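The file structure-v7.txt comes next; it holds compact mmCIF, C-alpha atoms.
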```txt
# COMPACT_ATOMS: atom_id res chain seq x y z
CA MET A 165 0.00 0.00 0.00
CA ASN A 166 1.47 3.32 -1.08
CA ILE A 167 0.12 5.85 1.43
CA GLN A 168 -0.34 9.43 0.29
CA GLN A 169 -2.21 10.97 3.22
CA LEU A 170 -3.47 10.16 6.69
CA SER A 171 -6.29 11.79 8.61
CA VAL A 172 -7.02 11.06 12.26
CA THR A 173 -10.04 12.69 13.90
CA TYR A 174 -12.06 12.17 17.02
CA GLN A 175 -15.71 11.44 16.19
CA SER A 176 -17.58 12.76 19.22
CA GLU A 177 -20.99 11.46 18.10
CA GLU A 178 -19.68 7.87 18.14
CA ASP A 179 -16.96 8.45 20.76
CA ARG A 180 -14.39 6.86 18.46
CA ILE A 181 -11.26 7.84 16.61
CA LEU A 182 -11.43 7.61 12.82
CA LEU A 183 -8.24 6.95 10.86
CA ARG A 184 -8.56 7.52 7.12
CA ILE A 185 -5.78 6.32 4.83
CA LEU A 186 -5.59 7.63 1.27
CA THR A 187 -3.30 5.83 -1.18
CA HIS A 188 -1.59 7.35 -4.23
CA ASP A 189 -4.14 5.67 -6.49
CA MET A 190 -6.97 7.37 -4.51
CA GLN A 191 -8.18 4.33 -2.59
CA GLU A 192 -9.37 5.04 0.93
CA ILE A 193 -9.40 2.77 3.95
CA GLN A 194 -11.22 3.84 7.10
CA LEU A 195 -10.51 2.45 10.57
CA LEU A 196 -12.43 3.13 13.80
CA PHE A 197 -10.72 2.85 17.19
CA THR A 198 -12.68 2.58 20.41
CA ARG A 199 -11.66 4.11 23.72
CA LYS A 200 -11.03 0.68 25.24
CA LEU A 201 -8.78 -0.41 22.40
CA MET A 202 -6.78 2.83 22.31
CA LEU A 203 -6.22 2.89 26.07
CA GLY A 204 -4.63 -0.54 25.73
CA ALA A 205 -2.87 0.02 22.42
CA TRP A 206 -1.44 3.50 22.97
CA PRO A 207 1.33 2.53 25.44
CA LEU A 208 2.25 -0.44 23.23
CA LEU A 209 2.41 1.70 20.09
CA GLN A 210 4.59 4.24 21.89
CA ARG A 211 7.04 1.70 23.24
CA VAL A 212 7.42 -0.24 20.00
CA SER A 213 7.71 2.88 17.81
CA THR A 214 10.26 4.47 20.16
CA HIS A 215 12.29 1.29 20.43
CA THR A 216 12.22 0.69 16.67
CA THR A 217 13.30 4.27 16.00
CA ALA A 218 16.08 4.02 18.59
CA LEU A 219 17.38 0.75 17.14
CA HIS A 220 17.33 2.17 13.63
CA ALA A 221 19.08 5.39 14.70
CA SER A 222 21.74 3.56 16.72
CA ALA A 223 22.43 1.21 13.79
CA GLN A 224 23.63 4.08 11.61
CA PRO A 225 27.39 3.90 10.96
CA HIS A 226 28.15 7.32 12.48
CA VAL A 227 26.17 6.68 15.70
CA SER A 228 27.32 4.89 18.81
CA ALA A 229 24.83 4.68 21.68
CA ALA A 230 26.07 3.10 24.86
CA ASP A 231 22.89 2.97 26.91
CA ASP A 232 19.11 2.96 26.69
CA ALA A 233 18.80 6.62 27.73
CA ALA A 234 20.98 7.65 24.80
CA LYS A 235 18.92 5.49 22.46
CA VAL A 236 15.67 7.08 23.69
CA ALA A 237 17.21 10.55 23.21
CA MET A 238 18.23 9.61 19.66
CA ALA A 239 14.72 8.30 19.00
CA GLU A 240 13.22 11.59 20.23
CA PHE A 241 15.62 13.58 18.07
CA THR A 242 14.72 11.47 15.02
CA ARG A 243 11.00 11.86 15.79
CA ALA A 244 11.29 15.64 16.13
CA ALA A 245 13.24 15.93 12.89
CA SER A 246 10.70 13.77 11.09
CA LEU A 247 7.75 15.82 12.39
CA GLU A 248 9.48 19.04 11.39
CA GLN A 249 9.51 17.84 7.78
CA ALA A 250 5.93 16.48 7.84
CA ASP A 251 3.07 18.33 6.16
CA PHE A 252 0.24 18.72 8.67
CA LYS A 253 -1.29 21.72 6.88
CA THR A 254 -2.54 20.24 3.60
CA PRO A 255 -6.21 19.29 3.96
CA TYR A 256 -7.12 15.64 3.56
CA SER A 257 -8.18 14.89 -0.03
CA GLY A 258 -11.18 12.73 0.87
CA ASP A 259 -13.27 14.20 -1.94
CA GLN A 260 -10.95 12.60 -4.51
CA VAL A 261 -11.49 9.01 -3.32
CA LYS A 262 -12.14 6.60 -6.21
CA TRP A 263 -13.08 3.56 -4.14
CA ARG A 264 -12.82 1.86 -0.76
CA PRO A 265 -11.34 -1.65 -1.16
CA LEU A 266 -12.50 -2.81 2.29
CA GLY A 267 -16.01 -1.46 1.83
CA ALA A 268 -17.92 1.71 2.59
CA LEU A 269 -18.12 1.03 6.33
CA PRO A 270 -14.99 1.68 8.41
CA LEU A 271 -13.35 -1.32 10.06
CA LEU A 272 -14.18 -1.33 13.78
CA ILE A 273 -10.81 -2.44 15.09
CA THR A 274 -10.92 -5.19 17.70
CA GLU A 275 -7.26 -6.31 17.52
CA ILE A 276 -3.95 -4.61 16.78
CA HIS A 277 -0.73 -6.48 16.07
CA VAL A 278 2.52 -4.48 15.90
CA THR A 279 5.68 -6.09 14.57
CA PRO A 280 9.03 -4.29 14.19
CA GLN A 281 10.65 -4.75 10.79
CA ALA A 282 14.08 -4.09 9.30
CA GLN A 283 15.30 -0.54 8.68
CA GLY A 284 13.08 1.00 11.36
CA ARG A 285 9.77 0.02 9.81
CA LEU A 286 6.72 -1.24 11.67
CA GLN A 287 4.20 -3.73 10.41
CA LEU A 288 0.75 -2.85 11.67
CA ASN A 289 -2.01 -5.42 11.33
CA VAL A 290 -5.50 -4.38 12.43
CA VAL A 291 -8.43 -6.79 12.63
CA GLU A 292 -12.18 -6.33 12.85
CA ARG A 293 -13.64 -9.48 14.41
CA LEU A 294 -17.35 -8.95 15.10
CA PRO A 295 -19.86 -11.65 16.07
CA ASP A 296 -22.43 -10.58 13.47
CA ARG A 297 -19.93 -10.29 10.59
CA ALA A 298 -18.03 -13.18 9.12
CA PRO A 299 -15.35 -13.48 7.98
CA PRO A 300 -13.23 -10.98 9.91
CA ARG A 301 -11.85 -8.01 7.97
CA ASN A 302 -8.25 -6.98 8.38
CA LEU A 303 -5.58 -4.68 7.04
CA GLN A 304 -1.81 -5.06 7.10
CA MET A 305 0.47 -2.06 6.55
CA GLN A 306 4.21 -1.47 6.47
CA LEU A 307 5.01 1.95 7.93
CA GLU A 308 8.26 3.79 7.27
CA GLN A 309 9.83 5.93 10.01
CA ALA A 310 8.36 9.24 8.84
CA LEU A 311 4.89 7.73 8.56
CA ILE A 312 5.16 6.15 12.02
CA HIS A 313 5.98 9.51 13.58
CA GLY A 314 3.27 11.33 11.66
CA LEU A 315 0.65 8.74 12.60
CA MET A 316 1.65 8.82 16.26
CA GLN A 317 1.43 12.62 16.28
CA LEU A 318 -2.03 12.58 14.69
CA LEU A 319 -3.21 9.88 17.11
CA ALA A 320 -1.92 11.90 20.07
CA GLN A 321 -3.87 14.93 18.87
CA ALA A 322 -7.05 12.90 18.41
CA LEU A 323 -6.61 11.28 21.83
CA ALA A 324 -6.21 14.71 23.41
CA ALA A 325 -9.39 15.89 21.64
CA SER A 326 -11.28 12.78 22.81
CA GLY A 327 -11.13 13.69 26.49
CA TRP A 328 -10.54 10.01 27.28
CA ALA A 329 -7.68 11.02 29.58
CA GLU A 330 -5.89 14.18 30.53
CA PRO A 331 -4.84 15.81 27.20
CA ALA A 332 -1.33 16.53 28.45
CA ALA A 333 -0.90 12.87 29.36
CA TRP A 334 -1.20 11.72 25.73
CA GLN A 335 1.41 14.19 24.48
CA ALA A 336 3.73 13.68 27.44
CA SER A 337 3.59 9.94 27.08
CA LEU A 338 4.43 10.22 23.38
CA ALA A 339 7.50 12.31 24.15
CA HIS A 340 8.72 10.04 26.94
CA ALA A 341 7.95 6.49 25.86
CA GLU A 342 9.93 3.97 27.83
CA GLN A 343 12.01 1.25 26.26
CA PRO A 344 10.40 -2.18 25.73
CA ALA A 345 12.21 -5.46 25.61
CA ASP A 346 13.96 -6.02 22.28
CA PRO A 347 11.04 -6.61 19.88
CA ALA A 348 13.29 -8.43 17.43
CA GLN A 349 13.56 -11.25 19.97
CA SER A 350 9.87 -11.45 20.84
CA GLN A 351 6.53 -12.24 19.27
CA PRO A 352 4.51 -9.45 17.63
CA ALA A 353 2.83 -7.25 20.21
CA ARG A 354 -0.94 -7.59 20.32
CA VAL A 355 -3.83 -5.69 21.86
CA LEU A 356 -7.36 -7.02 21.90
CA ASN A 357 -10.47 -4.94 22.41
```

Take the structure in the file and write it out as structure tokens.
Amino acid sequence: MNIQQLSVTYQSEEDRILLRILTHDMQEIQLLFTRKLMLGAWPLLQRVSTHTTALHASAQPHVSAADDAAKVAMAEFTRAASLEQADFKTPYSGDQVKWRPLGALPLLITEIHVTPQAQGRLQLNVVERLPDRAPPRNLQMQLEQALIHGLMQLLAQALAASGWAEPAAWQASLAHAEQPADPAQSQPARVLN
């Protein structure tokens, strides 16, 4: 999937967060996140994205990080640099959508699987498993570093707008994510709703 734009908004009428993904060929995928799922997934997403960024930054030939604190600092520097280059001002081009490959209804996410990949990428697999709908719908994405940081920033803003927790807590937790165990040596992280 070649992602062109992301939009993350809090939908107050449904008390959910809507993630819209627009590809370069104008396909749109819509995902809905519940409060329960995001409260469980947010710390996981932070830890894995921070750790993946730190590992990628410390693997560069000109970088030598001796401890975890230095790796977290490098990850924060990389994140800040990435966000500085991101375009958060261009409006989402939802009116140009040609079709929605997963259907007109957004996926109501019930599971999230996050797997670190080579070169600082993350594989994100989201699943909608509902009792009245069979078979389950799912989406698997490979996210590059810049896209990871942009998505996390947009999610933090939507979480702050949701009022599900103290707004400052979402931003502060994004800036100070703690290190997880080495994800390369573990199973994919998973959150169920």

Find the distance between CA of Ile276 in chain A and CA of Thr254 in chain A and write it in Å to one decimal.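 Between CA of Ile276 in chain A and CA of Thr254 in chain A the gap works out to 28.2 Å.
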
When distances are computed from only C-alpha atoms, which of A:Ile312, A:Ala329, A:Ile193, A:Met165 shows the smallest separation from Val261 in chain A?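 Among A:Ile312, A:Ala329, A:Ile193, A:Met165, it is A:Ile193 that comes nearest to Val261 in chain A.
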
Atomic separation - CA of Lys262 in chain A relative to CA of Arg297 in chain A, Å: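 Separating CA of Arg297 in chain A from CA of Lys262 in chain A is a distance of 25.1 Å.
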
Computed interatomic separation between CA of Phe241 in chain A and CA of Trp206 in chain A (Å): 20.4 Å

Residues within 12 Å of Glu178 in chain A, all atoms listed in the file, excluding chain neighbours under 5 positions, as a compact mmCIF listing (two decimals) with C-alpha atoms, keeping the file's coordinate frame:
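Below you can see part.txt, which holds the result:
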```txt
# COMPACT_ATOMS: atom_id res chain seq x y z
CA THR A 173 -10.04 12.69 13.90
CA LEU A 196 -12.43 3.13 13.80
CA PHE A 197 -10.72 2.85 17.19
CA THR A 198 -12.68 2.58 20.41
CA ARG A 199 -11.66 4.11 23.72
CA LEU A 272 -14.18 -1.33 13.78
CA SER A 326 -11.28 12.78 22.81
```

Counting only C-alpha atoms, note down every residue that has an atom within 7 Å of the point (-2.6, -2.3, 7.7) (file coordinates), as a PyMOL selection string. chain A and resi 288-290+303-306

Do you know which residues are at most 12 Å from Gly267 in chain A counting all atoms listed in the file, after dropping those on the same chain fewer than 3 positions away, and could you put them as a VMD selection string? chain A and resid 191 to 195 263 to 264 270 to 271 301 to 302

Restricting it to C-alpha atoms, dump the selection as a PDB file, in the frame of the given file.
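For reference, out_16.pdb as written:
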```
ATOM      1  CA  GLN A 191      -8.180   4.330  -2.590  1.00  0.00           C
ATOM      2  CA  GLU A 192      -9.370   5.040   0.930  1.00  0.00           C
ATOM      3  CA  ILE A 193      -9.400   2.770   3.950  1.00  0.00           C
ATOM      4  CA  GLN A 194     -11.220   3.840   7.100  1.00  0.00           C
ATOM      5  CA  LEU A 195     -10.510   2.450  10.570  1.00  0.00           C
ATOM      6  CA  TRP A 263     -13.080   3.560  -4.140  1.00  0.00           C
ATOM      7  CA  ARG A 264     -12.820   1.860  -0.760  1.00  0.00           C
ATOM      8  CA  PRO A 270     -14.990   1.680   8.410  1.00  0.00           C
ATOM      9  CA  LEU A 271     -13.350  -1.320  10.060  1.00  0.00           C
ATOM     10  CA  ARG A 301     -11.850  -8.010   7.970  1.00  0.00           C
ATOM     11  CA  ASN A 302      -8.250  -6.980   8.380  1.00  0.00           C
TER      12      ASN A 302
END
```

For range 170-188 of chain A, what centre and edge lengths in Å (one decimal) does the axis-aligned box get once 5 Å is added on each side of all its listed atoms, as AutoDock Vina command-line options?
```
--center_x -11.3 --center_y 9.3 --center_z 8.3 --size_x 29.4 --size_y 16.9 --size_z 35.0
```

Which one of A:Leu307, A:Ala320, A:Ser213, A:Leu208 sits closest to Ile181 in chain A if you count only C-alpha atoms? A:Ala320

For a quick check of understanding, using all atoms listed in the file, which of A:Ala310, A:Leu219, A:Leu182, A:Leu203 has the smallest distance to Glu248 in chain A? A:Ala310

For Ala250 in chain A: contacts at 12 Å, only C-alpha atoms, fewer than 3 positions along chain excluded, given as an MDAnalysis selection string: chainID A and resid 169:170 243:247 253:254 309:315 317:318

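Distances to Gln287 in chain A were evaluated for A:Met190, A:Thr242, A:Asp259, A:Leu209 using only C-alpha atoms, and the minimum falls at A:Leu209.
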
Please determine, counting only C-alpha atoms, which residue among A:Asp189, A:Glu308, A:Asp179, A:Glu240 has the shortest atom-to-atom distance to Ala325 in chain A.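 Looking only at the distances to Ala325 in chain A, the closest residue turns out to be A:Asp179.
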
Using all atoms listed in the file, which of the listed residues (A:Gln210, A:Gln321, A:Thr187, A:Ser257) sits closest to Val278 in chain A? A:Gln210
